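Trainee: Next comes target.cif, mmCIF, C-alpha atoms and all ligand atoms:
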data_protein
loop_
_atom_site.group_PDB
_atom_site.id
_atom_site.type_symbol
_atom_site.label_atom_id
_atom_site.label_comp_id
_atom_site.auth_asym_id
_atom_site.auth_seq_id
_atom_site.Cartn_x
_atom_site.Cartn_y
_atom_site.Cartn_z
ATOM 1 C CA VAL A 83 131.904 90.320 73.540
ATOM 2 C CA LEU A 84 133.980 91.328 76.496
ATOM 3 C CA LYS A 85 136.429 94.138 76.247
ATOM 4 C CA LEU A 86 139.013 94.472 78.941
ATOM 5 C CA LEU A 87 140.156 97.984 79.665
ATOM 6 C CA HIS A 88 143.285 98.797 81.522
ATOM 7 C CA PRO A 89 142.549 99.872 85.118
ATOM 8 C CA MET A 90 144.266 103.203 84.431
ATOM 9 C CA LEU A 91 141.433 104.128 82.088
ATOM 10 C CA GLU A 92 139.034 104.073 85.010
ATOM 11 C CA THR A 93 140.123 107.572 85.940
ATOM 12 C CA ALA A 94 138.881 108.974 82.631
ATOM 13 C CA PRO A 95 135.530 107.344 81.963
ATOM 14 C CA GLU A 96 134.200 110.312 79.964
ATOM 15 C CA GLN A 97 136.754 109.981 77.193
ATOM 16 C CA PRO A 98 135.686 108.298 73.983
ATOM 17 C CA GLU A 99 136.905 104.779 73.631
ATOM 18 C CA LYS A 100 140.179 104.412 71.761
ATOM 19 C CA PRO A 101 141.535 101.218 70.321
ATOM 20 C CA SER A 102 144.016 99.852 72.768
ATOM 21 C CA THR A 103 146.553 97.107 72.742
ATOM 22 C CA LEU A 104 144.768 95.843 75.832
ATOM 23 C CA GLU A 105 141.545 95.428 73.933
ATOM 24 C CA ARG A 106 140.958 91.867 72.986
ATOM 25 C CA ILE A 107 138.418 90.152 70.882
ATOM 26 C CA VAL A 108 137.052 87.367 72.952
ATOM 27 C CA ASP A 109 135.468 84.174 71.813
ATOM 28 C CA ARG A 110 133.269 81.995 73.840
ATOM 29 C CA VAL A 111 134.695 78.540 74.274
ATOM 30 C CA ARG A 112 131.980 76.350 72.851
ATOM 31 C CA GLY A 113 130.655 73.607 75.014
ATOM 32 C CA THR A 114 131.793 74.825 78.404
ATOM 33 C CA GLY A 115 128.870 77.202 78.768
ATOM 34 C CA LYS A 116 130.816 79.255 81.277
ATOM 35 C CA GLY A 117 134.158 80.383 80.038
ATOM 36 C CA ILE A 118 135.456 82.677 77.401
ATOM 37 C CA ARG A 119 139.033 83.012 76.393
ATOM 38 C CA ILE A 120 140.797 86.221 75.574
ATOM 39 C CA GLN A 121 142.633 85.750 72.321
ATOM 40 C CA GLY A 122 146.016 87.333 72.359
ATOM 41 C CA ALA A 123 149.528 86.902 73.532
ATOM 42 C CA ASP A 124 148.629 86.779 77.180
ATOM 43 C CA GLY A 125 145.918 84.138 76.642
ATOM 44 C CA LEU A 126 144.054 85.122 79.764
ATOM 45 C CA LEU A 127 141.219 82.844 80.726
ATOM 46 C CA VAL A 128 138.026 84.731 81.507
ATOM 47 C CA ARG A 129 135.287 83.096 83.509
ATOM 48 C CA TYR A 130 131.969 84.210 84.934
ATOM 49 C CA ALA A 131 132.094 84.025 88.698
ATOM 50 C CA GLN A 132 129.602 81.497 90.011
ATOM 51 C CA CYS A 133 129.179 83.327 93.318
ATOM 52 C CA CYS A 134 127.141 86.103 91.697
ATOM 53 C CA GLN A 135 126.387 84.767 88.182
ATOM 54 C CA PRO A 136 126.581 87.999 86.191
ATOM 55 C CA VAL A 137 124.506 88.436 83.026
ATOM 56 C CA PRO A 138 124.780 91.059 80.273
ATOM 57 C CA GLY A 139 123.281 94.281 81.606
ATOM 58 C CA ASP A 140 124.733 93.861 85.092
ATOM 59 C CA LYS A 141 127.421 96.255 86.203
ATOM 60 C CA VAL A 142 130.455 93.997 86.320
ATOM 61 C CA VAL A 143 134.031 94.105 87.487
ATOM 62 C CA GLY A 144 136.892 91.892 86.398
ATOM 63 C CA TYR A 145 139.144 90.481 89.051
ATOM 64 C CA VAL A 146 142.533 89.024 88.231
ATOM 65 C CA THR A 147 142.746 85.679 89.963
ATOM 66 C CA ARG A 148 145.903 83.856 90.861
ATOM 67 C CA GLY A 149 146.687 81.487 88.038
ATOM 68 C CA ARG A 150 143.201 81.392 86.596
ATOM 69 C CA GLY A 151 142.937 84.588 84.558
ATOM 70 C CA VAL A 152 140.093 87.030 85.073
ATOM 71 C CA SER A 153 136.852 86.383 86.932
ATOM 72 C CA ILE A 154 133.861 88.518 85.998
ATOM 73 C CA HIS A 155 131.796 89.486 89.045
ATOM 74 C CA ARG A 156 128.756 91.671 89.516
ATOM 75 C CA GLY A 157 129.823 95.044 90.870
ATOM 76 C CA ASP A 158 127.770 94.387 94.010
ATOM 77 C CA CYS A 159 129.127 90.880 94.637
ATOM 78 C CA PRO A 160 129.930 90.410 98.340
ATOM 79 C CA ASN A 161 133.115 88.582 97.408
ATOM 80 C CA LEU A 162 134.437 91.670 95.635
ATOM 81 C CA LEU A 163 134.096 93.595 98.876
ATOM 82 C CA LEU A 164 136.110 90.903 100.620
ATOM 83 C CA LEU A 165 138.752 91.191 97.910
ATOM 84 C CA GLY A 166 138.797 94.985 98.058
ATOM 85 C CA HIS A 167 142.145 95.146 99.792
ATOM 86 C CA GLU A 168 143.863 94.480 96.466
ATOM 87 C CA PRO A 169 142.388 97.122 94.144
ATOM 88 C CA GLU A 170 145.214 96.662 91.624
ATOM 89 C CA ARG A 171 143.698 93.317 90.676
ATOM 90 C CA ARG A 172 140.408 94.891 89.609
ATOM 91 C CA MET A 173 139.752 95.509 85.920
ATOM 92 C CA GLU A 174 137.047 97.576 84.342
ATOM 93 C CA ILE A 175 134.960 95.477 81.980
ATOM 94 C CA ASP A 176 132.794 96.659 79.150
ATOM 95 C CA TRP A 177 130.488 93.789 78.395
ATOM 96 C CA HIS A 178 128.592 93.629 75.136
ATOM 97 C CA GLU A 179 125.937 91.036 74.694
ATOM 98 C CA MET A 180 126.384 88.404 72.009
ATOM 99 C CA ALA A 181 123.321 87.187 70.167
ATOM 100 C CA GLY A 182 122.368 83.680 71.148
ATOM 101 C CA GLU A 183 124.441 83.569 74.313
ATOM 102 C CA ARG A 184 122.637 82.203 77.365
ATOM 103 C CA PHE A 185 123.509 82.340 81.041
ATOM 104 C CA VAL A 186 122.258 80.096 83.800
ATOM 105 C CA VAL A 187 121.193 81.979 86.912
ATOM 106 C CA ARG A 188 120.045 80.559 90.224
ATOM 107 C CA LEU A 189 117.092 82.307 91.857
ATOM 108 C CA ALA A 190 116.100 81.855 95.480
ATOM 109 C CA LEU A 191 112.372 81.555 96.192
ATOM 110 C CA GLU A 192 110.469 81.989 99.452
ATOM 111 C CA GLY A 193 106.826 81.994 100.311
ATOM 112 C CA ASN A 194 103.872 80.129 101.740
ATOM 113 C CA ASP A 195 102.941 76.722 100.472
ATOM 114 C CA ARG A 196 99.657 75.929 98.810
ATOM 115 C CA ARG A 197 98.392 73.229 96.522
ATOM 116 C CA GLY A 198 99.573 73.768 92.954
ATOM 117 C CA LEU A 199 102.306 76.235 93.858
ATOM 118 C CA TYR A 200 105.074 74.292 92.126
ATOM 119 C CA ALA A 201 103.104 73.974 88.892
ATOM 120 C CA ASP A 202 102.123 77.645 88.960
ATOM 121 C CA VAL A 203 105.732 78.825 89.444
ATOM 122 C CA ALA A 204 106.885 76.587 86.598
ATOM 123 C CA ALA A 205 104.076 77.848 84.345
ATOM 124 C CA ALA A 206 104.729 81.528 85.172
ATOM 125 C CA VAL A 207 108.443 81.243 84.430
ATOM 126 C CA SER A 208 107.880 79.229 81.275
ATOM 127 C CA ALA A 209 105.386 81.839 80.071
ATOM 128 C CA THR A 210 108.246 84.356 79.883
ATOM 129 C CA GLY A 211 109.836 82.183 77.201
ATOM 130 C CA THR A 212 112.438 80.772 79.554
ATOM 131 C CA ASP A 213 114.074 77.381 79.795
ATOM 132 C CA ILE A 214 114.005 76.107 83.364
ATOM 133 C CA LYS A 215 117.071 73.999 84.168
ATOM 134 C CA SER A 216 115.773 72.977 87.567
ATOM 135 C CA LEU A 217 113.102 73.967 90.043
ATOM 136 C CA GLU A 218 113.068 72.814 93.646
ATOM 137 C CA LEU A 219 110.663 73.816 96.393
ATOM 138 C CA LYS A 220 110.839 72.537 99.954
ATOM 139 C CA THR A 221 108.041 72.936 102.474
ATOM 140 C CA THR A 222 108.552 73.176 106.234
ATOM 141 C CA ASP A 223 105.601 74.085 108.466
ATOM 142 C CA GLY A 224 103.784 75.676 105.558
ATOM 143 C CA LYS A 225 106.760 77.827 104.559
ATOM 144 C CA VAL A 226 108.336 77.263 101.183
ATOM 145 C CA THR A 227 111.947 77.810 100.261
ATOM 146 C CA GLY A 228 113.586 76.743 97.074
ATOM 147 C CA SER A 229 115.527 77.645 94.020
ATOM 148 C CA ALA A 230 115.086 77.856 90.287
ATOM 149 C CA MET A 231 117.860 77.589 87.732
ATOM 150 C CA VAL A 232 116.850 79.548 84.659
ATOM 151 C CA GLU A 233 118.551 80.231 81.373
ATOM 152 C CA VAL A 234 118.564 83.922 80.469
ATOM 153 C CA GLU A 235 119.850 86.182 77.712
ATOM 154 C CA ASN A 236 120.387 89.336 79.728
ATOM 155 C CA LEU A 237 119.316 91.374 82.738
ATOM 156 C CA ALA A 238 116.012 92.511 81.191
ATOM 157 C CA HIS A 239 115.071 88.875 80.574
ATOM 158 C CA LEU A 240 116.026 87.928 84.138
ATOM 159 C CA GLU A 241 113.940 90.767 85.553
ATOM 160 C CA ARG A 242 110.913 89.610 83.544
ATOM 161 C CA ILE A 243 111.288 86.143 85.062
ATOM 162 C CA MET A 244 111.617 87.481 88.614
ATOM 163 C CA LYS A 245 108.568 89.702 88.165
ATOM 164 C CA ALA A 246 106.515 86.796 86.813
ATOM 165 C CA ALA A 247 107.546 84.541 89.696
ATOM 166 C CA ARG A 248 106.716 87.212 92.287
ATOM 167 C CA ARG A 249 103.216 87.511 90.856
ATOM 168 C CA VAL A 250 102.492 83.870 91.676
ATOM 169 C CA LYS A 251 100.167 83.681 94.672
ATOM 170 C CA GLY A 252 102.119 82.309 97.639
ATOM 171 C CA ILE A 253 105.533 83.476 96.443
ATOM 172 C CA ALA A 254 106.829 86.300 98.638
ATOM 173 C CA VAL A 255 110.499 86.668 97.721
ATOM 174 C CA VAL A 256 112.421 86.038 94.507
ATOM 175 C CA SER A 257 116.088 86.994 94.603
ATOM 176 C CA ARG A 258 119.358 86.268 92.900
ATOM 177 C CA ARG A 259 121.404 84.058 95.108
ATOM 178 C CA GLU A 260 124.959 84.989 95.981
ATOM 179 C CA LYS A 261 127.482 82.784 97.653
ATOM 180 C CA ILE A 262 130.318 83.992 99.780
ATOM 181 C CA THR A 263 133.440 82.180 98.669
ATOM 182 C CA ALA A 264 136.905 83.129 99.749
ATOM 183 C CA GLU A 265 138.621 81.239 96.953
ATOM 184 C CA GLU A 266 138.786 83.948 94.293
HETATM 185 ZN ZN ZN B 1 130.993 87.260 92.490
#
Show me this structure written as structure tokens.
Mentor:
Amino acid sequence: VLKLLHPMLETAPEQPEKPSTLERIVDRVRGTGKGIRIQGADGLLVRYAQCCQPVPGDKVVGYVTRGRGVSIHRGDCPNLLLLGHEPERRMEIDWHEMAGERFVVRLALEGNDRRGLYADVAAAVSATGTDIKSLELKTTDGKVTGSAMVEVENLAHLERIMKAARRVKGIAVVSRREKITAEE
């Protein structure tokens, strides 16, 4: 469940949470897999930014987009830095995980190719109890680059996957992939 707090509350983070007219119960819109809608008079549309693909457990920031509601970004998203000249459009977000909710995250992989690498990466990720949406590895002059789309519950789950993938012989780098997009 996402709770949107008024930006003015950011100045007093130590105070206990009080019910606020700005607080909204949010419901995930079934079937889209990406969006949630804030129920209330303003009917703001909330979406998870695809540039940084936040998951529960990440520090996140809401950003009021023009005409599209609120985008939820990771606090360290490079696009937020680009948007920093309009701080009044930032919203503090308190994100509580909902049981059963899953988030697709793209991971970038780099390393050195060897026979069986693809199968070993797939096996290591699967062994963490993870659904793999896609896995692509490309080899150029013995170097491997690629990406894995994995379905995760939260940050702890994602970190288990990244750790497992890094332990595969031949894999040197596993990182979350961010995209710079000016459109938000
Ligand atoms: Zn972002």
Trainee: Show me which residues line ligand ZN 1 (chain B), defined as having an atom within 10 Å of a ligand atom where only C-alpha atoms and all ligand atoms count, and present them as an mmCIF file with C-alpha atoms, in the frame of the given file.
Mentor:
data_model
loop_
_atom_site.group_PDB
_atom_site.id
_atom_site.type_symbol
_atom_site.label_atom_id
_atom_site.label_comp_id
_atom_site.auth_asym_id
_atom_site.auth_seq_id
_atom_site.Cartn_x
_atom_site.Cartn_y
_atom_site.Cartn_z
ATOM 1 C CA TYR A 130 131.969 84.210 84.934
ATOM 2 C CA ALA A 131 132.094 84.025 88.698
ATOM 3 C CA GLN A 132 129.602 81.497 90.011
ATOM 4 C CA CYS A 133 129.179 83.327 93.318
ATOM 5 C CA CYS A 134 127.141 86.103 91.697
ATOM 6 C CA GLN A 135 126.387 84.767 88.182
ATOM 7 C CA PRO A 136 126.581 87.999 86.191
ATOM 8 C CA VAL A 142 130.455 93.997 86.320
ATOM 9 C CA VAL A 143 134.031 94.105 87.487
ATOM 10 C CA GLY A 144 136.892 91.892 86.398
ATOM 11 C CA TYR A 145 139.144 90.481 89.051
ATOM 12 C CA SER A 153 136.852 86.383 86.932
ATOM 13 C CA ILE A 154 133.861 88.518 85.998
ATOM 14 C CA HIS A 155 131.796 89.486 89.045
ATOM 15 C CA ARG A 156 128.756 91.671 89.516
ATOM 16 C CA GLY A 157 129.823 95.044 90.870
ATOM 17 C CA ASP A 158 127.770 94.387 94.010
ATOM 18 C CA CYS A 159 129.127 90.880 94.637
ATOM 19 C CA PRO A 160 129.930 90.410 98.340
ATOM 20 C CA ASN A 161 133.115 88.582 97.408
ATOM 21 C CA LEU A 162 134.437 91.670 95.635
ATOM 22 C CA LEU A 163 134.096 93.595 98.876
ATOM 23 C CA GLU A 260 124.959 84.989 95.981
ATOM 24 C CA LYS A 261 127.482 82.784 97.653
ATOM 25 C CA ILE A 262 130.318 83.992 99.780
ATOM 26 C CA THR A 263 133.440 82.180 98.669
ATOM 27 C CA GLU A 266 138.786 83.948 94.293
#
Trainee: What does the structure give for the distance between CA of Asp223 (chain A) and CA of Lys245 (chain A), in Å to one decimal?
Mentor: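 Rounded to one decimal, the two atoms are 25.8 Å apart.
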Trainee: Residues at most 8 Å from Val207 (chain A), counting all atoms listed in the file, excluding those fewer than 4 positions away in the same chain, as a list in words?
Mentor: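 Contacts, in chain order: Val203, Gly211, Thr212, Ile214, Ile243, Ala246 and Ala247 of chain A.
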Trainee: Would you work out the distance separating CA of Phe185 (chain A) from CA of Met244 (chain A), expressed in Å to one decimal?
Mentor: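 Pair CA of Phe185 (chain A) / CA of Met244 (chain A) returns 15.0 Å.
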Trainee: Excluding region 229-238 of chain A and any residue of its chain fewer than 5 positions from it, enumerate the residues within 9 Å of it, using only C-alpha atoms, and give them as number ranges by chain.
Mentor: A: 136-140, 179-192, 207, 212-219, 243, 256, 259
Trainee: Take CA of Leu240 (chain A) and CA of Thr210 (chain A) and report the distance between them in Å, one decimal.
Mentor: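 Calculated distance between CA of Leu240 (chain A) and CA of Thr210 (chain A) is 9.6 Å.
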Trainee: In terms of the shortest atom-to-atom distance over all atoms listed in the file, which of A:Arg249, A:Arg197, A:Thr147, A:Val152 is closest to Leu165 (chain A)?
Mentor: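 The shortest atom-to-atom distance to Leu165 (chain A) comes from A:Thr147.
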